[in-house]
file input06.pdb (PDB, C-alpha atoms)
ATOM      1  CA  MET J   1     169.525 -68.707  -3.054
ATOM      2  CA  LYS J   2     170.449 -72.078  -4.586
ATOM      3  CA  PHE J   3     168.727 -75.193  -3.303
ATOM      4  CA  ASN J   4     171.968 -76.819  -2.092
ATOM      5  CA  THR J   5     172.954 -73.651  -0.248
ATOM      6  CA  ALA J   6     169.527 -73.386   1.366
ATOM      7  CA  LYS J   7     169.747 -77.056   2.346
ATOM      8  CA  ARG J   8     173.156 -76.448   3.915
ATOM      9  CA  HIS J   9     171.884 -73.457   5.912
ATOM     10  CA  LEU J  10     168.901 -75.442   7.152
ATOM     11  CA  ARG J  11     171.114 -78.354   8.167
ATOM     12  CA  GLU J  12     173.639 -76.149   9.973
ATOM     13  CA  GLY J  13     170.947 -74.159  11.738
ATOM     14  CA  SER J  14     169.260 -77.348  12.925
ATOM     15  CA  LYS J  15     172.577 -78.863  14.063
ATOM     16  CA  ASN J  16     173.366 -75.798  16.123
ATOM     17  CA  ILE J  17     170.207 -76.415  18.157
ATOM     18  CA  PHE J  18     171.599 -79.747  19.399
ATOM     19  CA  ARG J  19     175.259 -78.714  19.340
ATOM     20  CA  ASN J  20     174.871 -75.979  21.949
ATOM     21  CA  GLY J  21     173.163 -78.152  24.558
ATOM     22  CA  TRP J  22     172.435 -76.170  27.694
ATOM     23  CA  MET J  23     172.500 -72.832  25.904
ATOM     24  CA  THR J  24     169.735 -74.070  23.628
ATOM     25  CA  ILE J  25     167.697 -75.099  26.660
ATOM     26  CA  ALA J  26     168.336 -71.669  28.236
ATOM     27  CA  SER J  27     167.225 -69.880  25.061
ATOM     28  CA  ILE J  28     164.070 -71.954  24.707
ATOM     29  CA  GLY J  29     163.350 -71.488  28.409
ATOM     30  CA  ALA J  30     163.685 -67.703  28.117
ATOM     31  CA  VAL J  31     161.235 -67.636  25.218
ATOM     32  CA  THR J  32     158.838 -70.036  26.950
ATOM     33  CA  VAL J  33     158.616 -68.120  30.221
ATOM     34  CA  THR J  34     158.206 -64.777  28.495
ATOM     35  CA  LEU J  35     155.594 -66.028  26.036
ATOM     36  CA  ILE J  36     153.573 -67.575  28.864
ATOM     37  CA  LEU J  37     153.388 -64.107  30.412
ATOM     38  CA  VAL J  38     152.599 -62.547  27.035
ATOM     39  CA  GLY J  39     149.884 -65.135  26.389
ATOM     40  CA  VAL J  40     148.244 -64.557  29.780
ATOM     41  CA  PHE J  41     148.355 -60.785  29.364
ATOM     42  CA  LEU J  42     146.987 -60.997  25.818
ATOM     43  CA  ALA J  43     144.084 -63.180  26.958
ATOM     44  CA  VAL J  44     143.335 -60.849  29.887
ATOM     45  CA  VAL J  45     143.655 -57.643  27.852
ATOM     46  CA  PHE J  46     141.534 -58.890  24.947
ATOM     47  CA  ASN J  47     138.821 -60.072  27.335
ATOM     48  CA  LEU J  48     138.923 -56.846  29.331
ATOM     49  CA  ASN J  49     138.517 -55.018  26.056
ATOM     50  CA  GLN J  50     135.505 -57.218  25.325
ATOM     51  CA  PHE J  51     134.050 -56.443  28.772
ATOM     52  CA  ALA J  52     134.581 -52.733  28.189
ATOM     53  CA  SER J  53     132.956 -52.923  24.759
ATOM     54  CA  ASN J  54     129.965 -54.789  26.209
ATOM     55  CA  ILE J  55     129.537 -52.167  28.915
ATOM     56  CA  GLU J  56     129.846 -49.321  26.433
ATOM     57  CA  SER J  57     127.348 -50.944  24.063
ATOM     58  CA  ASP J  58     124.774 -50.907  26.896
ATOM     59  CA  VAL J  59     125.084 -47.152  27.354
ATOM     60  CA  GLU J  60     121.802 -45.513  26.415
ATOM     61  CA  MET J  61     119.874 -42.334  27.070
ATOM     62  CA  SER J  62     116.318 -41.816  28.213
ATOM     63  CA  VAL J  63     114.489 -39.039  26.380
ATOM     64  CA  TYR J  64     111.566 -37.916  28.553
ATOM     65  CA  LEU J  65     108.725 -36.253  26.650
ATOM     66  CA  ASP J  66     106.473 -33.389  27.663
ATOM     67  CA  PRO J  67     103.346 -35.016  29.248
ATOM     68  CA  THR J  68     101.063 -32.626  27.314
ATOM     69  CA  LEU J  69     102.147 -33.830  23.859
ATOM     70  CA  ALA J  70      99.542 -35.285  21.506
ATOM     71  CA  GLU J  71     100.051 -38.698  19.908
ATOM     72  CA  ASP J  72     101.042 -37.256  16.534
ATOM     73  CA  GLN J  73     103.652 -35.016  18.228
ATOM     74  CA  VAL J  74     105.132 -38.046  20.005
ATOM     75  CA  GLN J  75     105.436 -39.787  16.625
ATOM     76  CA  LEU J  76     107.055 -36.697  15.115
ATOM     77  CA  ILE J  77     109.737 -36.698  17.802
ATOM     78  CA  GLN J  78     110.535 -40.333  17.012
ATOM     79  CA  GLU J  79     111.052 -39.418  13.356
ATOM     80  CA  GLN J  80     113.310 -36.545  14.390
ATOM     81  CA  LEU J  81     115.337 -38.840  16.652
ATOM     82  CA  GLU J  82     115.768 -41.443  13.923
ATOM     83  CA  SER J  83     116.934 -38.758  11.473
ATOM     84  CA  ILE J  84     119.925 -37.814  13.651
ATOM     85  CA  ASP J  85     123.070 -39.225  11.995
ATOM     86  CA  LYS J  86     124.747 -40.707  15.080
ATOM     87  CA  VAL J  87     121.611 -42.368  16.477
ATOM     88  CA  GLY J  88     121.703 -46.162  16.228
ATOM     89  CA  SER J  89     118.317 -47.192  17.625
ATOM     90  CA  VAL J  90     115.170 -45.606  19.062
ATOM     91  CA  THR J  91     112.741 -47.542  21.263
ATOM     92  CA  TYR J  92     109.462 -46.145  22.568
ATOM     93  CA  SER J  93     108.477 -46.796  26.172
ATOM     94  CA  SER J  94     105.090 -45.526  27.314
ATOM     95  CA  LYS J  95     104.525 -44.226  30.813
ATOM     96  CA  GLU J  96     102.299 -47.247  31.495
ATOM     97  CA  GLU J  97     105.130 -49.633  30.567
ATOM     98  CA  GLN J  98     107.528 -47.754  32.826
ATOM     99  CA  LEU J  99     105.085 -47.845  35.736
ATOM    100  CA  ASN J 100     104.563 -51.583  35.273
ATOM    101  CA  GLN J 101     108.335 -52.070  35.300
ATOM    102  CA  LEU J 102     108.646 -50.072  38.523
ATOM    103  CA  MET J 103     105.841 -52.077  40.085
ATOM    104  CA  GLU J 104     107.581 -55.289  39.108
ATOM    105  CA  ASP J 105     110.992 -54.150  40.392
ATOM    106  CA  MET J 106     109.909 -52.548  43.676
ATOM    107  CA  GLY J 107     106.727 -54.335  44.644
ATOM    108  CA  GLN J 108     103.252 -53.756  43.291
ATOM    109  CA  THR J 109     101.729 -52.498  46.541
ATOM    110  CA  GLU J 110     104.077 -49.531  46.570
ATOM    111  CA  TRP J 111     102.717 -48.218  43.255
ATOM    112  CA  ASP J 112      99.031 -49.185  43.158
ATOM    113  CA  LEU J 113      97.954 -45.618  43.933
ATOM    114  CA  PHE J 114      99.653 -44.325  40.775
ATOM    115  CA  GLU J 115      97.800 -46.577  38.340
ATOM    116  CA  GLN J 116      94.955 -44.049  38.020
ATOM    117  CA  ASP J 117      97.227 -40.981  38.084
ATOM    118  CA  ASN J 118     100.513 -41.984  36.463
ATOM    119  CA  PRO J 119     103.195 -39.330  37.171
ATOM    120  CA  LEU J 120     105.699 -40.747  34.685
ATOM    121  CA  SER J 121     106.389 -39.513  31.164
ATOM    122  CA  ASP J 122     106.421 -41.247  27.826
ATOM    123  CA  THR J 123     110.041 -41.977  26.988
ATOM    124  CA  TYR J 124     112.271 -42.870  24.066
ATOM    125  CA  ILE J 125     115.269 -45.082  24.790
ATOM    126  CA  VAL J 126     118.026 -44.000  22.403
ATOM    127  CA  LYS J 127     121.339 -45.699  21.638
ATOM    128  CA  THR J 128     124.052 -44.121  19.521
ATOM    129  CA  SER J 129     125.976 -45.969  16.829
ATOM    130  CA  ASP J 130     129.184 -45.083  18.685
ATOM    131  CA  PRO J 131     128.697 -44.963  22.487
ATOM    132  CA  HIS J 132     131.268 -42.159  22.745
ATOM    133  CA  ASP J 133     128.903 -39.863  20.813
ATOM    134  CA  ILE J 134     126.226 -40.055  23.467
ATOM    135  CA  ALA J 135     127.025 -36.673  25.061
ATOM    136  CA  SER J 136     126.918 -34.715  21.796
ATOM    137  CA  VAL J 137     123.749 -36.514  20.651
ATOM    138  CA  SER J 138     122.163 -35.855  24.035
ATOM    139  CA  ASP J 139     122.802 -32.118  23.636
ATOM    140  CA  GLU J 140     121.242 -32.197  20.177
ATOM    141  CA  ILE J 141     118.167 -34.112  21.332
ATOM    142  CA  SER J 142     117.583 -31.824  24.312
ATOM    143  CA  GLU J 143     117.031 -28.961  21.839
ATOM    144  CA  LEU J 144     114.060 -30.670  20.186
ATOM    145  CA  ASP J 145     110.596 -29.268  20.839
ATOM    146  CA  GLY J 146     108.561 -31.503  23.130
ATOM    147  CA  VAL J 147     111.588 -33.042  24.874
ATOM    148  CA  ASP J 148     111.338 -32.443  28.610
ATOM    149  CA  LYS J 149     114.640 -33.971  29.745
ATOM    150  CA  VAL J 150     117.472 -36.218  28.512
ATOM    151  CA  ASP J 151     119.315 -38.499  30.913
ATOM    152  CA  TYR J 152     122.205 -40.820  30.074
ATOM    153  CA  GLY J 153     124.008 -40.883  33.419
ATOM    154  CA  GLN J 154     126.030 -37.744  32.819
ATOM    155  CA  GLY J 155     129.360 -37.831  34.602
ATOM    156  CA  THR J 156     129.286 -41.555  35.320
ATOM    157  CA  VAL J 157     129.362 -42.469  31.624
ATOM    158  CA  GLU J 158     132.300 -40.137  30.921
ATOM    159  CA  ASN J 159     134.214 -41.661  33.848
ATOM    160  CA  LEU J 160     133.443 -45.130  32.497
ATOM    161  CA  PHE J 161     134.822 -44.235  29.075
ATOM    162  CA  ALA J 162     137.959 -42.747  30.667
ATOM    163  CA  VAL J 163     138.588 -45.871  32.769
ATOM    164  CA  ASN J 164     138.135 -48.129  29.722
ATOM    165  CA  LYS J 165     140.486 -45.968  27.673
ATOM    166  CA  TYR J 166     143.286 -46.021  30.238
ATOM    167  CA  ALA J 167     142.821 -49.750  30.871
ATOM    168  CA  ARG J 168     143.311 -50.416  27.152
ATOM    169  CA  ILE J 169     146.387 -48.177  26.992
ATOM    170  CA  ILE J 170     147.965 -49.797  30.063
ATOM    171  CA  GLY J 171     147.259 -53.269  28.673
ATOM    172  CA  ALA J 172     148.850 -52.398  25.329
ATOM    173  CA  VAL J 173     151.930 -50.911  27.041
ATOM    174  CA  LEU J 174     152.365 -54.016  29.208
ATOM    175  CA  ILE J 175     152.144 -56.338  26.199
ATOM    176  CA  VAL J 176     154.636 -54.289  24.169
ATOM    177  CA  GLY J 177     156.951 -54.188  27.196
ATOM    178  CA  LEU J 178     156.780 -57.973  27.589
ATOM    179  CA  VAL J 179     157.506 -58.526  23.903
ATOM    180  CA  PHE J 180     160.564 -56.272  24.047
ATOM    181  CA  THR J 181     161.665 -58.044  27.230
ATOM    182  CA  ALA J 182     161.415 -61.334  25.365
ATOM    183  CA  ILE J 183     163.498 -59.939  22.501
ATOM    184  CA  PHE J 184     166.121 -58.715  24.985
ATOM    185  CA  LEU J 185     166.283 -62.067  26.786
ATOM    186  CA  ILE J 186     166.553 -64.191  23.662
ATOM    187  CA  SER J 187     169.021 -61.766  22.091
ATOM    188  CA  ASN J 188     171.350 -61.915  25.073
ATOM    189  CA  THR J 189     170.990 -65.669  25.499
ATOM    190  CA  ILE J 190     171.791 -66.330  21.843
ATOM    191  CA  LYS J 191     174.596 -63.775  21.991
ATOM    192  CA  ILE J 192     176.366 -65.961  24.587
ATOM    193  CA  THR J 193     176.275 -68.935  22.226
ATOM    194  CA  ILE J 194     177.543 -66.801  19.348
ATOM    195  CA  ILE J 195     180.431 -65.377  21.390
ATOM    196  CA  ALA J 196     181.691 -68.925  21.830
ATOM    197  CA  ARG J 197     181.711 -69.245  18.029
ATOM    198  CA  SER J 198     183.072 -65.789  17.229
ATOM    199  CA  ARG J 199     186.426 -67.251  16.137
ATOM    200  CA  GLU J 200     184.627 -69.571  13.724
ATOM    201  CA  ILE J 201     182.736 -66.604  12.275
ATOM    202  CA  GLY J 202     185.957 -64.611  11.946
ATOM    203  CA  ILE J 203     187.690 -67.437  10.059
ATOM    204  CA  MET J 204     184.737 -67.798   7.695
ATOM    205  CA  LYS J 205     184.903 -64.058   7.005
ATOM    206  CA  LEU J 206     188.645 -64.204   6.313
ATOM    207  CA  VAL J 207     188.272 -67.040   3.781
ATOM    208  CA  GLY J 208     185.676 -65.036   1.851
ATOM    209  CA  ALA J 209     182.302 -66.101   3.223
ATOM    210  CA  THR J 210     179.654 -63.431   2.719
ATOM    211  CA  ASN J 211     177.663 -61.961   5.577
ATOM    212  CA  SER J 212     174.450 -63.573   4.362
ATOM    213  CA  PHE J 213     176.145 -66.994   4.096
ATOM    214  CA  ILE J 214     177.221 -66.724   7.732
ATOM    215  CA  ARG J 215     173.989 -65.167   8.948
ATOM    216  CA  TRP J 216     171.475 -67.658   7.488
ATOM    217  CA  PRO J 217     172.270 -70.614   9.806
ATOM    218  CA  PHE J 218     171.897 -68.287  12.785
ATOM    219  CA  PHE J 219     168.640 -66.981  11.285
ATOM    220  CA  ILE J 220     167.287 -70.525  11.089
ATOM    221  CA  GLU J 221     168.604 -71.361  14.552
ATOM    222  CA  GLY J 222     166.836 -68.337  16.046
ATOM    223  CA  LEU J 223     163.628 -69.211  14.193
ATOM    224  CA  LEU J 224     163.691 -72.755  15.565
ATOM    225  CA  LEU J 225     164.477 -71.548  19.099
ATOM    226  CA  GLY J 226     161.553 -69.117  18.962
ATOM    227  CA  VAL J 227     159.085 -71.692  17.631
ATOM    228  CA  LEU J 228     160.217 -74.376  20.088
ATOM    229  CA  GLY J 229     159.939 -71.881  22.926
ATOM    230  CA  ALA J 230     156.359 -71.083  21.868
ATOM    231  CA  ILE J 231     155.145 -74.709  21.984
ATOM    232  CA  VAL J 232     154.508 -74.835  25.744
ATOM    233  CA  PRO J 233     152.798 -71.399  25.879
ATOM    234  CA  VAL J 234     150.575 -72.365  22.939
ATOM    235  CA  ALA J 235     149.614 -75.641  24.654
ATOM    236  CA  LEU J 236     148.850 -73.793  27.893
ATOM    237  CA  VAL J 237     146.762 -71.189  26.064
ATOM    238  CA  LEU J 238     144.719 -73.787  24.193
ATOM    239  CA  GLY J 239     144.206 -76.011  27.249
ATOM    240  CA  GLY J 240     143.770 -73.261  29.837
ATOM    241  CA  TYR J 241     141.379 -71.186  27.778
ATOM    242  CA  TYR J 242     139.347 -74.276  26.907
ATOM    243  CA  TYR J 243     138.924 -74.948  30.630
ATOM    244  CA  LEU J 244     137.966 -71.339  31.367
ATOM    245  CA  SER J 245     135.502 -71.104  28.490
ATOM    246  CA  ASN J 246     133.736 -74.269  29.652
ATOM    247  CA  ASN J 247     133.660 -73.497  33.387
ATOM    248  CA  LEU J 248     133.816 -69.732  33.894
ATOM    249  CA  THR J 249     130.908 -68.930  31.571
ATOM    250  CA  ASP J 250     128.563 -71.300  33.408
ATOM    251  CA  ASN J 251     129.334 -69.695  36.775
ATOM    252  CA  ILE J 252     128.879 -66.045  35.744
ATOM    253  CA  SER J 253     125.437 -64.669  35.015
ATOM    254  CA  ILE J 254     126.287 -60.953  34.694
ATOM    255  CA  GLY J 255     125.335 -59.860  31.188
ATOM    256  CA  PHE J 256     128.451 -57.903  30.223
ATOM    257  CA  VAL J 257     130.908 -60.377  31.832
ATOM    258  CA  GLU J 258     131.311 -62.691  28.889
ATOM    259  CA  ILE J 259     134.679 -64.075  27.831
ATOM    260  CA  LEU J 260     135.564 -64.381  24.178
ATOM    261  CA  PRO J 261     134.507 -67.743  22.674
ATOM    262  CA  TYR J 262     137.154 -70.474  22.563
ATOM    263  CA  ALA J 263     137.065 -70.667  18.779
ATOM    264  CA  PRO J 264     138.408 -68.730  17.018
ATOM    265  CA  PHE J 265     139.989 -66.637  19.821
ATOM    266  CA  ALA J 266     142.201 -69.362  21.375
ATOM    267  CA  PHE J 267     143.547 -70.396  17.959
ATOM    268  CA  GLN J 268     144.168 -66.779  16.985
ATOM    269  CA  LEU J 269     146.027 -66.233  20.262
ATOM    270  CA  ALA J 270     148.065 -69.395  19.692
ATOM    271  CA  GLY J 271     148.991 -68.147  16.213
ATOM    272  CA  ILE J 272     150.033 -64.780  17.657
ATOM    273  CA  LEU J 273     152.297 -66.495  20.210
ATOM    274  CA  LEU J 274     153.902 -68.660  17.522
ATOM    275  CA  ALA J 275     154.503 -65.581  15.370
ATOM    276  CA  ILE J 276     155.967 -63.624  18.305
ATOM    277  CA  GLY J 277     158.201 -66.564  19.216
ATOM    278  CA  ALA J 278     159.497 -66.861  15.652
ATOM    279  CA  ILE J 279     160.044 -63.102  15.334
ATOM    280  CA  ILE J 280     161.918 -62.661  18.609
ATOM    281  CA  GLY J 281     164.036 -65.731  17.884
ATOM    282  CA  VAL J 282     165.042 -64.443  14.462
ATOM    283  CA  TRP J 283     165.502 -60.878  15.708
ATOM    284  CA  GLY J 284     167.628 -62.005  18.650
ATOM    285  CA  SER J 285     169.882 -64.100  16.415
ATOM    286  CA  VAL J 286     170.282 -61.462  13.706
ATOM    287  CA  MET J 287     171.027 -58.663  16.181
ATOM    288  CA  SER J 288     173.511 -60.809  18.106
ATOM    289  CA  VAL J 289     175.515 -61.947  15.083
ATOM    290  CA  ARG J 290     175.820 -58.481  13.506
ATOM    291  CA  LYS J 291     178.785 -57.299  15.582
ATOM    292  CA  PHE J 292     180.809 -60.406  14.743
ATOM    293  CA  LEU J 293     180.366 -59.867  10.998
ATOM    294  CA  LYS J 294     182.530 -56.734  11.158
ATOM    295  CA  VAL J 295     185.995 -58.243  10.712
TER     296      VAL J 295
END
call {"tool": "encode", "arguments": {"input": "input06.pdb", "output": "structure tokens"}}
result
Amino acid sequence: MKFNTAKRHLREGSKNIFRNGWMTIASIGAVTVTLILVGVFLAVVFNLNQFASNIESDVEMSVYLDPTLAEDQVQLIQEQLESIDKVGSVTYSSKEEQLNQLMEDMGQTEWDLFEQDNPLSDTYIVKTSDPHDIASVSDEISELDGVDKVDYGQGTVENLFAVNKYARIIGAVLIVGLVFTAIFLISNTIKITIIARSREIGIMKLVGATNSFIRWPFFIEGLLLGVLGAIVPVALVLGGYYYLSNNLTDNISIGFVEILPYAPFAFQLAGILLAIGAIIGVWGSVMSVRKFLKV
């Protein structure tokens, strides 16, 4: 494309923004409202995904050892555990350490009698590299000689994984639905402005203007509408998330409830909203003008 032609398209596309008055405001408003919803849902879904990942990363199994094992046999089991491909970490916890922890959690007087005759077993705390492998690894570990029992919260953990999976799917579906809603809104809003100029498009076609020559100003107009419509959502995301990251984190002490840090997440989210705004603006314009190019 020649420079003068590109300059003309840019000028015409920019003029159309101001020329259409209320329709421009309606188009920008449609993009703004939809992108605010998209931005909120993206922030919620990404943080829920972070919460789910934090919960899953805390999933671990307790490998209880046979109380009659000698010290060298206990060490051998650790080597066997560490040699399993899907095992991420292995931590030894003696029965004395476990008793001390129980005494600390439930009150020392309740457990004083067990100090001389500790009924607990030496234990290995095992985490898998991928939390979803915990069931299969548990089955493999339970077959090892000297392992008395393996416990990872069977049933509860599987339900947790299922809930996290469906929450992620529902979040993704909602976001995709909102994006397509935005495309539909901007497409129909821009289509109204183009209908008013359909005669102009028809005349340009009859005098020999190519489809691309006609389409480019609308392409630029849609791009500008999308970007302008994304300005308010981007400002709200940057300001709102800054407030949340500074205030919500200080008021929540639960380990896995931790929102994504302001930087770089807020800037990445702002970039995503700008990109979505530009894409739906361009897509809406291009799709709306297509039918009027068939003269």
call {"tool": "residues_around", "arguments": {"input": "input06.pdb", "residues": "Leu48 of chain J", "least_positions_apart": "2", "cutoff": "10 Å", "atoms": "all atoms listed in the file", "output": "NGL selection string"}}
result
:J and (42-46 or 50-54 or 164 or 167-168 or 171 or 257-260)
call {"tool": "write_last_selection", "arguments": {"input": "input06.pdb", "atoms": "C-alpha atoms", "output": "CSV table (one decimal), in the frame of the given file"}}
result
chain,number,residue,atom,x,y,z
J,42,LEU,CA,147.0,-61.0,25.8
J,43,ALA,CA,144.1,-63.2,27.0
J,44,VAL,CA,143.3,-60.8,29.9
J,45,VAL,CA,143.7,-57.6,27.9
J,46,PHE,CA,141.5,-58.9,24.9
J,50,GLN,CA,135.5,-57.2,25.3
J,51,PHE,CA,134.0,-56.4,28.8
J,52,ALA,CA,134.6,-52.7,28.2
J,53,SER,CA,133.0,-52.9,24.8
J,54,ASN,CA,130.0,-54.8,26.2
J,164,ASN,CA,138.1,-48.1,29.7
J,167,ALA,CA,142.8,-49.8,30.9
J,168,ARG,CA,143.3,-50.4,27.2
J,171,GLY,CA,147.3,-53.3,28.7
J,257,VAL,CA,130.9,-60.4,31.8
J,258,GLU,CA,131.3,-62.7,28.9
J,259,ILE,CA,134.7,-64.1,27.8
J,260,LEU,CA,135.6,-64.4,24.2
call {"tool": "resolve_selection", "arguments": {"input": "input06.pdb", "expression": "the PyMOL selection byres ((chain J and resi 36) around 12)", "output": "NGL selection string"}}
result
:J and (29-35 or 37-43 or 175 or 178-179 or 182 or 229-238 or 240 or 269-270 or 273-274 or 276-277)
call {"tool": "atom_distance", "arguments": {"input": "input06.pdb", "atom1": "atom CA of Glu158 of chain J", "atom2": "atom CA of Ser89 of chain J"}}
result
20.5 Å
call {"tool": "residues_around", "arguments": {"input": "input06.pdb", "residues": "Val74 of chain J", "least_positions_apart": "4", "cutoff": "10 Å", "atoms": "all atoms listed in the file", "output": "JSON, numbers by chain"}}
result
{"J": [65, 66, 67, 68, 69, 70, 78, 79, 92, 122, 123, 124, 146, 147]}
call {"tool": "resolve_selection", "arguments": {"input": "input06.pdb", "expression": "the PyMOL selection byres ((chain J and resi 95) around 7)", "output": "list in words"}}
result
Ser93, Ser94, Glu96, Glu97, Gln98, Leu99, Leu120, Ser121 and Asp122 of chain J
call {"tool": "resolve_selection", "arguments": {"input": "input06.pdb", "expression": "the PyMOL selection byres ((chain J and resi 26) around 10)", "output": "list in words"}}
result
Gly21, Trp22, Met23, Thr24, Ile25, Ser27, Ile28, Gly29, Ala30, Val31, Thr32, Leu185, Ile186, Thr189, Ile190, Leu225 and Gly229 of chain J
call {"tool": "closest_residue", "arguments": {"input": "input06.pdb", "among": "J:Gly239, J:Gly88, J:Gly226, J:Gly153", "to": "Ser129 of chain J", "atoms": "all atoms listed in the file"}}
result
J:Gly88
call {"tool": "closest_residue", "arguments": {"input": "input06.pdb", "among": "J:Asn246, J:Ser285, J:Ser62, J:Thr5", "to": "Leu223 of chain J", "atoms": "all atoms listed in the file"}}
result
J:Ser285
call {"tool": "closest_residue", "arguments": {"input": "input06.pdb", "among": "J:Val63, J:Asn47, J:Tyr242, J:Glu71", "to": "Phe267 of chain J", "atoms": "all atoms listed in the file"}}
result
J:Tyr242
call {"tool": "decode", "arguments": {"input": "input06.pdb", "residues": "segment 16-28 of chain J", "atoms": "N, CA and C atoms", "output": "short mmCIF file (atom, residue, chain, number, x, y, z; two decimals), in the first residue's frame"}}
result
data_model
loop_
_atom_site.label_atom_id
_atom_site.label_comp_id
_atom_site.auth_asym_id
_atom_site.auth_seq_id
_atom_site.Cartn_x
_atom_site.Cartn_y
_atom_site.Cartn_z
N ASN J 16 -14.29 9.47 10.45
CA ASN J 16 -15.56 8.78 10.66
C ASN J 16 -15.91 8.67 12.14
N ILE J 17 -14.87 8.61 13.00
CA ILE J 17 -15.11 8.55 14.43
C ILE J 17 -15.91 9.77 14.89
N PHE J 18 -15.52 10.95 14.42
CA PHE J 18 -16.18 12.19 14.83
C PHE J 18 -17.43 12.48 14.00
N ARG J 19 -17.44 11.97 12.78
CA ARG J 19 -18.54 12.26 11.85
C ARG J 19 -19.83 11.60 12.30
N ASN J 20 -19.72 10.43 12.94
CA ASN J 20 -20.92 9.65 13.26
C ASN J 20 -21.51 9.97 14.63
N GLY J 21 -20.87 10.85 15.38
CA GLY J 21 -21.44 11.36 16.62
C GLY J 21 -21.93 10.31 17.59
N TRP J 22 -23.26 10.26 17.76
CA TRP J 22 -23.86 9.40 18.76
C TRP J 22 -23.61 7.93 18.49
N MET J 23 -23.51 7.54 17.23
CA MET J 23 -23.25 6.14 16.92
C MET J 23 -21.84 5.74 17.39
N THR J 24 -20.92 6.69 17.29
CA THR J 24 -19.57 6.42 17.79
C THR J 24 -19.60 6.22 19.30
N ILE J 25 -20.35 7.08 19.98
CA ILE J 25 -20.47 6.95 21.44
C ILE J 25 -21.11 5.62 21.81
N ALA J 26 -22.14 5.21 21.03
CA ALA J 26 -22.82 3.93 21.29
C ALA J 26 -21.86 2.76 21.09
N SER J 27 -21.04 2.83 20.03
CA SER J 27 -20.09 1.75 19.76
C SER J 27 -19.05 1.65 20.86
N ILE J 28 -18.49 2.80 21.24
CA ILE J 28 -17.48 2.81 22.30
C ILE J 28 -18.10 2.33 23.62
#
